[in-house]
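Q: Right, I'll just put the structure down here and ask away after.
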Amino acid sequence: MSYQPQNPLIVQSDRTVLLEVMNPLFEEARDLLSAFAELVKSPEHIHTYAITPLSLWNAAASGLTASAILEGLERFSKFPVPDSLRQDIIDYMGRYGRVQLVRSVDGGLLLQAADRLILTEVWHNPQVRPYLLEERPDGLLVDPERRGHVKQAMTKIGFPVEDLAGYVTGAELPVALRNTTLHGSPFALRSYQEQAVRAFYKEGSAAGGSGVIVLPCGAGKTVVGMGALSQVQQQTLILTTNITAVRQWIDELVDKTSLTRDQIGEYSGEVKEIRPVTVSTYQILTYRESHSDEMPHHQLMGARNWGLIIYDEVHMLPAPVFRVTSEIQARRRLGLTATLIREDGREEDVFSLIGPKRFEVPWKVLERQGYIATALCHEIRVPLVDQLRLPYAVAEDRAKFRIASENPAKIPLVHELVRRHQGEMILVIGQYLDQLKALAKELNAPLITGQVPTRERDELYTRFKAGEIKLLVVSKVANFAVDLPDATVAIQVSGTFGSRQEEAQRLGRVLRPKSDGSPAFFYSLVTRETRDQEFATKRQLFLTEQGYRYQISHAEEFLAAR
């Protein structure tokens, strides 16, 4: 291939890819890259992507081939794709499924590979060897109690296992999706939701039954979970992020499936019901009085003969739940998330223990189809007030971030944004409670934090959904699984350092499509030339990768444009 200057990509041998933002082919090339690479830097003109073994294995698991990736890179690259990268892509893609975990004729678990030398290498590897019982002519016998551990170890040494050993049959539970909700609305899975369920279940074969579905906030991940439940037809445990999400799942199950309320249990800090479908929180599973104590509620994972475990917001899965999940690999597992990004770097453990990515739809695709709202993202940069410049200058890094995040110069801007969007449904979202309390008082608005009792919290959400309240100030408790379909404006005054998944979740609060087709607005208020601005750039990476662009303006210009 000769030099093609009109193309937007520069593909490099270190597995990085540079993408020209102003190129006419930018969007098409970006959509290609997002399927098998991760955006790591996004300045104004050139975006940098990294192709990693894990990104390639997830692409392979979702059906993408090495030849399709290479064809796409060649189509958009200015220069020939380096031979070393070409071989890396072929090699890493070829590693997924090269080693398989299967059920032997005597019911044991075997690691098998067409290349016997791979099994010899695995048998002698100190990371994997503790989980293996013996060498056999037909493979390596795996300790059945360590099915998850061996998959984690195999991923770490570069041979991700395709688990074809199948699943135990859970207790039977007849369940069907309704054609009409209890509220009288027609109901059916959208085409992409049906595709997601099929990609997960795979007609009940051993090749399906575990994995992650990646869909934007507001695109109906709960509905995909219910679709999987209706396919599996077995008792199910659903784990989610908070008690509000638990009750929303219960309401959705009653509204859209044949399940009755007495078939569904809430297992939370307030209620302890175990029923054929039980909905619980990660928090209650990991609760213990002190670090030296046992976790008394961990037994919930094995309390019934579950046929399916659904992990809602799987990118938030706590480490102790990973440990339990490693021990229940014989049960079907479905992860639901808007992003595979984990700020703790444990994406490999999601891949090994929950399963690989089975299905994903880019955010902008569903926006074009009208399934999520068009979102306009603005970053407004605010100067640090004079009285905080000296404290900021002498503070440690972590304190610098907090000082800049709580910059009181943001308050007049919040007032102005609320004024401009008067009559719309507005969320003011932040990280620091003192800042949020001050804003709630300034705006004369209700405040929702983790300290607010669940009943009061749910009442405020209900009044907001009914339109009785049009402005809420919320902490990070509203980041996840809170259904506020009529919210149209989100104003972010502070965030959790450089958390990409938090930025995505906060935008997700306003992405439910509006009845009149109007856009959603996402404002991020940032103190310029500070750590606040540096972390804001990191937070925006995932949404930039999905095709969102932040309009940057300075507070002075913004306020002058009244």
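Going through the structure tokens in order, the chains are called A, B, and so on, while each chain numbers its residues from 1 and the ligands are numbered from 1 in the order shown.
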For the alpha helix (DSSP H) assignment from backbone DSSP, which residues of stretch 379-476 of chain A qualify? Please present them as a VMD selection string.
A: chain A and resid 386 to 394 397 to 405 410 to 420 433 to 443 454 to 465
Q: Those selected residues, please, written with C-alpha atoms and delivered as a tab-separated table (two decimals), in the first residue's frame.
A:
```
chain	number	residue	atom	x	y	z
A	386	ASP	CA	-8.42	35.15	44.34
A	387	GLN	CA	-8.70	34.13	48.00
A	388	LEU	CA	-8.03	30.47	47.09
A	389	ARG	CA	-5.01	30.99	44.83
A	390	LEU	CA	-2.45	30.92	47.66
A	391	PRO	CA	-4.02	27.91	49.49
A	392	TYR	CA	-4.12	26.12	46.12
A	393	ALA	CA	-0.48	26.95	45.35
A	394	VAL	CA	0.85	25.46	48.60
A	397	ASP	CA	-2.04	17.33	44.90
A	398	ARG	CA	-5.17	15.73	46.39
A	399	ALA	CA	-6.02	18.91	48.29
A	400	LYS	CA	-5.41	20.97	45.12
A	401	PHE	CA	-8.07	18.96	43.33
A	402	ARG	CA	-10.63	19.49	46.07
A	403	ILE	CA	-9.93	23.23	46.36
A	404	ALA	CA	-10.34	23.65	42.60
A	405	SER	CA	-13.43	21.40	42.49
A	410	LYS	CA	-18.90	27.98	40.02
A	411	ILE	CA	-21.98	29.02	42.02
A	412	PRO	CA	-23.02	32.07	39.90
A	413	LEU	CA	-22.61	29.89	36.81
A	414	VAL	CA	-24.94	27.24	38.23
A	415	HIS	CA	-27.49	29.98	38.94
A	416	GLU	CA	-27.22	31.19	35.34
A	417	LEU	CA	-27.59	27.71	33.86
A	418	VAL	CA	-30.65	27.03	36.02
A	419	ARG	CA	-32.11	30.36	34.87
A	420	ARG	CA	-31.48	29.61	31.19
A	433	LEU	CA	-21.08	17.16	50.25
A	434	ASP	CA	-20.19	20.62	51.59
A	435	GLN	CA	-20.32	22.01	48.06
A	436	LEU	CA	-23.65	20.28	47.35
A	437	LYS	CA	-25.21	21.47	50.62
A	438	ALA	CA	-24.21	25.06	49.80
A	439	LEU	CA	-25.67	24.75	46.29
A	440	ALA	CA	-28.93	23.21	47.53
A	441	LYS	CA	-29.33	26.12	49.93
A	442	GLU	CA	-28.47	28.69	47.23
A	443	LEU	CA	-30.89	27.15	44.75
A	454	THR	CA	-33.96	5.58	51.32
A	455	ARG	CA	-37.67	6.34	51.76
A	456	GLU	CA	-37.08	10.10	51.52
A	457	ARG	CA	-34.73	9.60	48.58
A	458	ASP	CA	-37.28	7.51	46.67
A	459	GLU	CA	-40.01	10.05	47.42
A	460	LEU	CA	-37.89	12.85	45.94
A	461	TYR	CA	-37.12	10.78	42.83
A	462	THR	CA	-40.84	10.05	42.44
A	463	ARG	CA	-41.78	13.72	42.75
A	464	PHE	CA	-39.07	14.63	40.23
A	465	LYS	CA	-40.36	12.02	37.75
```
Q: Quick one: residues within 7 Å of A:Leu472, only C-alpha atoms, excluding same-chain residues fewer than 5 positions away - as a list of chain:residue names?
A: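 The neighbour list is A:Ile426, A:Leu427, A:Val428, A:Ala445, A:Pro446, A:Leu447.
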Q: Write out as a list in words the residues lying within 6 Å of stretch 224-236 of chain A, counting only C-alpha atoms and excluding same-chain residues fewer than 2 positions away.
A: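 The contact residues come out as Gly170, Ala171, Glu172, Leu173, Pro174, Val175, Ala176, Gln193, Val197, Lys221, Thr222, Pro276, Val277, Trp306, Gly307, Leu308 and Ile309 of chain A.
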Q: A:Thr244: which residues within 12 Å, counting only C-alpha atoms, same-chain residues fewer than 4 positions away excluded, as a ChimeraX atom specification?
A: /A:240,248-251,266,268-270,279-281,450,453-462,477-484
Q: Atoms to include: C-alpha atoms. Write the selected residues as a PDB file, in the first residue's frame.
A:
```pdb
ATOM      1  CA  THR A 240     -26.992  -4.039  41.482  1.00  0.00           C
ATOM      2  CA  GLN A 248     -36.557  -0.210  40.089  1.00  0.00           C
ATOM      3  CA  TRP A 249     -35.593  -3.719  38.935  1.00  0.00           C
ATOM      4  CA  ILE A 250     -38.491  -5.174  40.939  1.00  0.00           C
ATOM      5  CA  ASP A 251     -40.948  -2.659  39.460  1.00  0.00           C
ATOM      6  CA  GLU A 266     -35.626  -7.818  47.862  1.00  0.00           C
ATOM      7  CA  SER A 268     -31.097  -5.321  51.082  1.00  0.00           C
ATOM      8  CA  GLY A 269     -30.110  -3.559  54.267  1.00  0.00           C
ATOM      9  CA  GLU A 270     -33.825  -3.043  54.943  1.00  0.00           C
ATOM     10  CA  VAL A 279     -32.582  -8.606  43.697  1.00  0.00           C
ATOM     11  CA  SER A 280     -29.767  -7.474  45.962  1.00  0.00           C
ATOM     12  CA  THR A 281     -26.945  -4.927  46.195  1.00  0.00           C
ATOM     13  CA  GLY A 450     -26.050   8.822  50.764  1.00  0.00           C
ATOM     14  CA  PRO A 453     -32.890   7.872  54.152  1.00  0.00           C
ATOM     15  CA  THR A 454     -33.963   5.578  51.323  1.00  0.00           C
ATOM     16  CA  ARG A 455     -37.668   6.340  51.762  1.00  0.00           C
ATOM     17  CA  GLU A 456     -37.080  10.097  51.524  1.00  0.00           C
ATOM     18  CA  ARG A 457     -34.728   9.600  48.577  1.00  0.00           C
ATOM     19  CA  ASP A 458     -37.280   7.509  46.670  1.00  0.00           C
ATOM     20  CA  GLU A 459     -40.014  10.049  47.418  1.00  0.00           C
ATOM     21  CA  LEU A 460     -37.888  12.850  45.939  1.00  0.00           C
ATOM     22  CA  TYR A 461     -37.116  10.784  42.826  1.00  0.00           C
ATOM     23  CA  THR A 462     -40.839  10.046  42.441  1.00  0.00           C
ATOM     24  CA  VAL A 477     -25.501   8.131  44.740  1.00  0.00           C
ATOM     25  CA  ALA A 478     -27.391   9.172  41.600  1.00  0.00           C
ATOM     26  CA  ASN A 479     -24.599   8.080  39.243  1.00  0.00           C
ATOM     27  CA  PHE A 480     -25.925   4.567  38.774  1.00  0.00           C
ATOM     28  CA  ALA A 481     -29.175   2.841  37.904  1.00  0.00           C
ATOM     29  CA  VAL A 482     -31.424   5.722  38.895  1.00  0.00           C
ATOM     30  CA  ASP A 483     -34.281   6.002  36.423  1.00  0.00           C
ATOM     31  CA  LEU A 484     -35.091   9.687  35.900  1.00  0.00           C
TER      32      LEU A 484
END
```
Q: Hey, can you check how far atom CA of A:Glu162 sits from atom CA of A:Gln195?
A: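 Between these atoms lies a distance of 20.9 Å.
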Q: Excluding stretch 50-59 of chain A and its own-chain neighbours fewer than 5 positions away, which residues fall within 6 Å of it when counting only C-alpha atoms? Please give them as a list in words.
A: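 Using only C-alpha atoms, the neighbours found are Arg15, Thr16, Phe36, Ala37, Glu38, Leu64, Met93, Tyr96, Pro356 and Lys357 of chain A.
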Q: Mind dumping the selected residues with N, CA and C atoms as a PDB file, in the first residue's frame?
A:
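Output below, filename result31.pdb:
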```pdb
ATOM      1  N   ARG A  15       1.662  -0.494  18.682  1.00  0.00           N
ATOM      2  CA  ARG A  15       0.227  -0.778  18.886  1.00  0.00           C
ATOM      3  C   ARG A  15      -0.575   0.477  19.208  1.00  0.00           C
ATOM      4  N   THR A  16      -0.065   1.635  18.899  1.00  0.00           N
ATOM      5  CA  THR A  16      -0.861   2.859  19.007  1.00  0.00           C
ATOM      6  C   THR A  16      -1.312   3.292  17.621  1.00  0.00           C
ATOM      7  N   PHE A  36     -12.140  -2.306  18.765  1.00  0.00           N
ATOM      8  CA  PHE A  36     -11.008  -3.166  19.138  1.00  0.00           C
ATOM      9  C   PHE A  36      -9.838  -2.406  19.753  1.00  0.00           C
ATOM     10  N   ALA A  37     -10.000  -1.121  20.064  1.00  0.00           N
ATOM     11  CA  ALA A  37      -8.917  -0.320  20.636  1.00  0.00           C
ATOM     12  C   ALA A  37      -9.496   0.610  21.694  1.00  0.00           C
ATOM     13  N   GLU A  38      -8.621   1.156  22.518  1.00  0.00           N
ATOM     14  CA  GLU A  38      -9.043   2.036  23.608  1.00  0.00           C
ATOM     15  C   GLU A  38      -8.448   3.424  23.421  1.00  0.00           C
ATOM     16  N   LEU A  64     -15.664 -10.266  15.952  1.00  0.00           N
ATOM     17  CA  LEU A  64     -14.790  -9.561  15.021  1.00  0.00           C
ATOM     18  C   LEU A  64     -13.584 -10.444  14.692  1.00  0.00           C
ATOM     19  N   MET A  93      -5.506 -12.204  18.390  1.00  0.00           N
ATOM     20  CA  MET A  93      -6.869 -12.633  18.061  1.00  0.00           C
ATOM     21  C   MET A  93      -6.940 -14.161  18.006  1.00  0.00           C
ATOM     22  N   TYR A  96      -7.485 -16.194  21.431  1.00  0.00           N
ATOM     23  CA  TYR A  96      -8.778 -16.385  22.080  1.00  0.00           C
ATOM     24  C   TYR A  96      -9.421 -17.664  21.542  1.00  0.00           C
ATOM     25  N   PRO A 356     -16.456 -12.594  28.423  1.00  0.00           N
ATOM     26  CA  PRO A 356     -16.030 -11.565  27.484  1.00  0.00           C
ATOM     27  C   PRO A 356     -17.200 -10.709  27.015  1.00  0.00           C
ATOM     28  N   LYS A 357     -16.864  -9.643  26.351  1.00  0.00           N
ATOM     29  CA  LYS A 357     -17.909  -8.803  25.751  1.00  0.00           C
ATOM     30  C   LYS A 357     -18.617  -9.597  24.658  1.00  0.00           C
TER      31      LYS A 357
END
```
Q: Using the chain letters and numbers from this document, which residues of stretch 342-399 of chain A does DSSP assign to strand (DSSP E), as an MDAnalysis selection string?
A: chainID A and resid 357:360 375:382
Q: Restricted to C-alpha atoms, what would the selected residues look like written as a PDB file, in the first residue's frame?
A:
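After the write, selection37.pdb holds the following:
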```pdb
ATOM      1  CA  LYS A 357     -17.909  -8.803  25.751  1.00  0.00           C
ATOM      2  CA  ARG A 358     -20.710 -10.456  23.789  1.00  0.00           C
ATOM      3  CA  PHE A 359     -22.468  -7.433  22.306  1.00  0.00           C
ATOM      4  CA  GLU A 360     -22.019  -3.669  22.079  1.00  0.00           C
ATOM      5  CA  ALA A 375     -26.740  15.233  23.937  1.00  0.00           C
ATOM      6  CA  LEU A 376     -24.952  18.574  23.767  1.00  0.00           C
ATOM      7  CA  CYS A 377     -21.863  18.591  26.004  1.00  0.00           C
ATOM      8  CA  HIS A 378     -20.327  21.821  27.284  1.00  0.00           C
ATOM      9  CA  GLU A 379     -17.244  22.355  29.414  1.00  0.00           C
ATOM     10  CA  ILE A 380     -17.249  25.793  31.014  1.00  0.00           C
ATOM     11  CA  ARG A 381     -13.922  26.888  32.493  1.00  0.00           C
ATOM     12  CA  VAL A 382     -14.041  29.088  35.572  1.00  0.00           C
TER      13      VAL A 382
END
```
Q: Pick out the closest residue to A:Pro5 from this set: A:Gln283, A:Ser77, A:Gln112, A:Ser352. Count only C-alpha atoms.
A: A:Ser77
Q: Which residues are close to stretch 493-510 of chain A, i.e. within 8 Å by only C-alpha atoms, leaving aside same-chain residues fewer than 4 positions away? Reply as an mmCIF file with N, CA and C atoms, in the first residue's frame.
A:
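Resulting contents of part.cif:
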```cif
data_model
loop_
_atom_site.group_PDB
_atom_site.id
_atom_site.type_symbol
_atom_site.label_atom_id
_atom_site.label_comp_id
_atom_site.auth_asym_id
_atom_site.auth_seq_id
_atom_site.Cartn_x
_atom_site.Cartn_y
_atom_site.Cartn_z
ATOM 1 N N PRO A 216 -25.422 1.880 25.963
ATOM 2 C CA PRO A 216 -25.431 3.205 26.601
ATOM 3 C C PRO A 216 -26.456 3.299 27.718
ATOM 4 N N CYS A 217 -26.215 4.207 28.649
ATOM 5 C CA CYS A 217 -27.222 4.523 29.667
ATOM 6 C C CYS A 217 -28.510 4.939 28.954
ATOM 7 N N GLY A 218 -29.634 4.454 29.454
ATOM 8 C CA GLY A 218 -30.910 4.818 28.856
ATOM 9 C C GLY A 218 -31.324 3.940 27.693
ATOM 10 N N ALA A 338 -22.533 0.216 30.788
ATOM 11 C CA ALA A 338 -22.410 1.195 29.717
ATOM 12 C C ALA A 338 -20.969 1.298 29.227
ATOM 13 N N THR A 339 -20.023 0.815 30.028
ATOM 14 C CA THR A 339 -18.614 0.888 29.665
ATOM 15 C C THR A 339 -17.843 -0.217 30.367
ATOM 16 N N ILE A 341 -14.814 0.033 31.068
ATOM 17 C CA ILE A 341 -13.743 0.673 31.828
ATOM 18 C C ILE A 341 -13.959 0.467 33.322
ATOM 19 N N ARG A 342 -12.905 0.056 34.004
ATOM 20 C CA ARG A 342 -12.884 0.020 35.474
ATOM 21 C C ARG A 342 -11.728 0.893 35.928
ATOM 22 N N GLU A 343 -11.992 1.780 36.858
ATOM 23 C CA GLU A 343 -10.938 2.685 37.305
ATOM 24 C C GLU A 343 -9.873 1.959 38.122
ATOM 25 N N ALA A 373 -31.370 10.136 23.655
ATOM 26 C CA ALA A 373 -31.477 11.541 23.270
ATOM 27 C C ALA A 373 -30.159 12.054 22.693
ATOM 28 N N PHE A 401 -6.891 19.356 44.108
ATOM 29 C CA PHE A 401 -8.068 18.960 43.335
ATOM 30 C C PHE A 401 -9.355 19.363 44.048
ATOM 31 N N SER A 405 -12.092 21.941 42.746
ATOM 32 C CA SER A 405 -13.429 21.395 42.489
ATOM 33 C C SER A 405 -14.512 22.198 43.193
ATOM 34 N N GLU A 406 -14.214 22.659 44.422
ATOM 35 C CA GLU A 406 -15.205 23.387 45.212
ATOM 36 C C GLU A 406 -15.126 24.901 45.003
ATOM 37 N N LYS A 410 -17.970 28.802 40.798
ATOM 38 C CA LYS A 410 -18.904 27.982 40.020
ATOM 39 C C LYS A 410 -20.361 28.291 40.366
ATOM 40 N N VAL A 428 -28.296 18.875 39.362
ATOM 41 C CA VAL A 428 -26.981 19.426 39.683
ATOM 42 C C VAL A 428 -26.233 18.317 40.410
ATOM 43 N N ILE A 429 -25.096 17.864 39.854
ATOM 44 C CA ILE A 429 -24.414 16.663 40.338
ATOM 45 C C ILE A 429 -23.002 17.021 40.798
ATOM 46 N N GLY A 430 -22.595 16.478 41.937
ATOM 47 C CA GLY A 430 -21.246 16.751 42.410
ATOM 48 C C GLY A 430 -20.711 15.671 43.314
ATOM 49 N N GLN A 431 -19.466 15.879 43.738
ATOM 50 C CA GLN A 431 -18.735 14.902 44.520
ATOM 51 C C GLN A 431 -18.691 15.248 46.007
ATOM 52 N N TYR A 432 -18.583 16.539 46.320
ATOM 53 C CA TYR A 432 -18.284 16.950 47.697
ATOM 54 C C TYR A 432 -19.535 17.458 48.400
ATOM 55 N N ASN A 479 -25.365 8.426 40.443
ATOM 56 C CA ASN A 479 -24.599 8.080 39.243
ATOM 57 C C ASN A 479 -25.166 6.851 38.548
ATOM 58 N N PHE A 480 -25.650 5.879 39.324
ATOM 59 C CA PHE A 480 -25.925 4.567 38.774
ATOM 60 C C PHE A 480 -27.373 4.146 38.948
ATOM 61 N N VAL A 482 -30.292 4.930 38.433
ATOM 62 C CA VAL A 482 -31.424 5.722 38.895
ATOM 63 C C VAL A 482 -32.210 6.158 37.669
ATOM 64 N N ASP A 483 -33.462 5.748 37.597
ATOM 65 C CA ASP A 483 -34.281 6.002 36.423
ATOM 66 C C ASP A 483 -34.997 7.344 36.577
ATOM 67 N N LEU A 484 -34.472 8.360 35.893
ATOM 68 C CA LEU A 484 -35.091 9.687 35.900
ATOM 69 C C LEU A 484 -35.345 10.081 34.451
ATOM 70 N N PRO A 485 -36.353 9.480 33.819
ATOM 71 C CA PRO A 485 -36.498 9.572 32.368
ATOM 72 C C PRO A 485 -36.719 10.973 31.833
ATOM 73 N N ASP A 486 -37.235 11.882 32.638
ATOM 74 C CA ASP A 486 -37.549 13.211 32.124
ATOM 75 C C ASP A 486 -36.450 14.247 32.371
ATOM 76 N N ALA A 487 -35.337 13.842 32.985
ATOM 77 C CA ALA A 487 -34.237 14.790 33.193
ATOM 78 C C ALA A 487 -33.667 15.211 31.838
ATOM 79 N N THR A 488 -33.500 16.520 31.652
ATOM 80 C CA THR A 488 -33.006 17.021 30.373
ATOM 81 C C THR A 488 -31.694 17.789 30.497
ATOM 82 N N VAL A 489 -31.348 18.198 31.726
ATOM 83 C CA VAL A 489 -30.144 19.010 31.937
ATOM 84 C C VAL A 489 -29.372 18.444 33.123
ATOM 85 N N ALA A 520 -30.655 16.770 25.057
ATOM 86 C CA ALA A 520 -30.243 16.840 26.452
ATOM 87 C C ALA A 520 -28.997 17.713 26.546
ATOM 88 N N PHE A 521 -28.800 18.336 27.700
ATOM 89 C CA PHE A 521 -27.655 19.221 27.901
ATOM 90 C C PHE A 521 -26.823 18.698 29.079
ATOM 91 N N PHE A 522 -25.520 18.607 28.850
ATOM 92 C CA PHE A 522 -24.604 18.164 29.904
ATOM 93 C C PHE A 522 -23.522 19.236 30.069
ATOM 94 N N SER A 524 -20.293 20.661 32.289
ATOM 95 C CA SER A 524 -19.259 20.331 33.264
ATOM 96 C C SER A 524 -18.514 21.618 33.615
ATOM 97 N N LEU A 525 -18.598 22.011 34.882
ATOM 98 C CA LEU A 525 -17.969 23.255 35.328
ATOM 99 C C LEU A 525 -16.594 22.919 35.902
ATOM 100 N N VAL A 526 -15.568 23.536 35.348
ATOM 101 C CA VAL A 526 -14.193 23.147 35.634
ATOM 102 C C VAL A 526 -13.373 24.393 35.959
ATOM 103 N N ASP A 532 -8.295 20.333 38.566
ATOM 104 C CA ASP A 532 -9.683 20.103 38.158
ATOM 105 C C ASP A 532 -9.764 19.982 36.644
ATOM 106 N N PHE A 535 -8.008 16.653 35.367
ATOM 107 C CA PHE A 535 -8.813 15.453 35.563
ATOM 108 C C PHE A 535 -10.055 15.462 34.674
ATOM 109 N N ALA A 536 -10.603 16.650 34.395
ATOM 110 C CA ALA A 536 -11.771 16.733 33.504
ATOM 111 C C ALA A 536 -11.431 16.178 32.127
ATOM 112 N N THR A 537 -10.235 16.463 31.645
ATOM 113 C CA THR A 537 -9.796 15.959 30.343
ATOM 114 C C THR A 537 -9.770 14.433 30.352
ATOM 115 N N LYS A 538 -9.315 13.831 31.449
ATOM 116 C CA LYS A 538 -9.297 12.367 31.555
ATOM 117 C C LYS A 538 -10.714 11.806 31.647
ATOM 118 N N ARG A 539 -11.574 12.484 32.402
ATOM 119 C CA ARG A 539 -12.950 11.995 32.557
ATOM 120 C C ARG A 539 -13.680 11.937 31.218
ATOM 121 N N GLN A 540 -13.335 12.845 30.318
ATOM 122 C CA GLN A 540 -14.075 12.956 29.062
ATOM 123 C C GLN A 540 -13.655 11.934 28.010
ATOM 124 N N LEU A 541 -12.593 11.158 28.290
ATOM 125 C CA LEU A 541 -12.036 10.272 27.273
ATOM 126 C C LEU A 541 -13.049 9.287 26.713
ATOM 127 N N PHE A 542 -13.801 8.603 27.590
ATOM 128 C CA PHE A 542 -14.719 7.580 27.100
ATOM 129 C C PHE A 542 -15.801 8.190 26.222
ATOM 130 N N LEU A 543 -16.365 9.322 26.646
ATOM 131 C CA LEU A 543 -17.429 9.938 25.851
ATOM 132 C C LEU A 543 -16.886 10.473 24.534
#
```
Q: For A:Ile46, find every residue with an atom within 12 Å (counting only C-alpha atoms), except residues of its own chain fewer than 3 positions away, and show them as an MDAnalysis selection string.
A: chainID A and resid 8:10 17:23 26 30 39:43 49
Q: For the residues selected in the previous step, produce a file with N, CA and C atoms as a compact mmCIF listing (two decimals), in the first residue's frame.
A:
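See again.txt below for the written result:
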```txt
# COMPACT_ATOMS: atom_id res chain seq x y z
N PRO A 8 -7.20 9.25 7.52
CA PRO A 8 -7.10 9.87 8.86
C PRO A 8 -6.19 9.16 9.87
N LEU A 9 -5.71 7.94 9.57
CA LEU A 9 -5.00 7.16 10.58
C LEU A 9 -3.49 7.08 10.31
N ILE A 10 -2.73 7.07 11.39
CA ILE A 10 -1.33 6.66 11.36
C ILE A 10 -1.22 5.47 12.32
N VAL A 17 -2.45 3.96 17.61
CA VAL A 17 -3.01 4.47 16.36
C VAL A 17 -3.37 5.94 16.57
N LEU A 18 -2.91 6.80 15.67
CA LEU A 18 -3.21 8.23 15.74
C LEU A 18 -4.34 8.54 14.76
N LEU A 19 -5.32 9.30 15.21
CA LEU A 19 -6.50 9.62 14.40
C LEU A 19 -6.65 11.13 14.29
N GLU A 20 -6.67 11.64 13.05
CA GLU A 20 -6.85 13.08 12.80
C GLU A 20 -8.32 13.46 12.98
N VAL A 21 -8.56 14.38 13.88
CA VAL A 21 -9.94 14.76 14.21
C VAL A 21 -10.60 15.52 13.07
N MET A 22 -9.87 16.37 12.37
CA MET A 22 -10.48 17.23 11.35
C MET A 22 -10.62 16.54 9.99
N ASN A 23 -10.23 15.29 9.89
CA ASN A 23 -10.32 14.58 8.62
C ASN A 23 -11.78 14.24 8.30
N PHE A 26 -13.05 11.03 9.76
CA PHE A 26 -12.83 10.87 11.20
C PHE A 26 -13.87 9.96 11.85
N ARG A 30 -13.20 6.42 13.58
CA ARG A 30 -13.39 6.33 15.03
C ARG A 30 -14.29 5.16 15.38
N LEU A 39 -9.28 4.44 23.53
CA LEU A 39 -8.81 5.83 23.43
C LEU A 39 -8.03 6.17 24.70
N VAL A 40 -6.80 6.67 24.53
CA VAL A 40 -5.98 7.00 25.70
C VAL A 40 -5.66 8.49 25.80
N LYS A 41 -5.74 9.22 24.69
CA LYS A 41 -5.53 10.67 24.72
C LYS A 41 -6.41 11.32 23.66
N SER A 42 -6.98 12.49 24.00
CA SER A 42 -7.87 13.14 23.02
C SER A 42 -7.70 14.65 23.01
N PRO A 43 -6.50 15.16 22.71
CA PRO A 43 -6.37 16.61 22.52
C PRO A 43 -7.12 17.04 21.25
N TYR A 49 -5.11 6.08 20.15
CA TYR A 49 -5.73 4.83 20.59
C TYR A 49 -4.65 3.79 20.87
```
Q: How many Å lie between atom CA of A:Ala303 and atom CA of A:Leu109, rounded to one decimal?
A: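 For atom CA of A:Ala303 relative to atom CA of A:Leu109, the distance reads 24.1 Å.
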Q: Let me make sure I understand: among A:Arg147, A:Lys514, A:Arg288, A:Arg528, which one has the smallest atom-to-atom distance to A:Val102 if we use only C-alpha atoms?
A: A:Arg147
Q: Return the single residue from A:Lys151, A:His297, A:Arg368, A:Lys470 that is closest to A:Glu327, with distances computed using only C-alpha atoms.
A: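 That would be A:Lys151, the residue with the smallest distance to A:Glu327.
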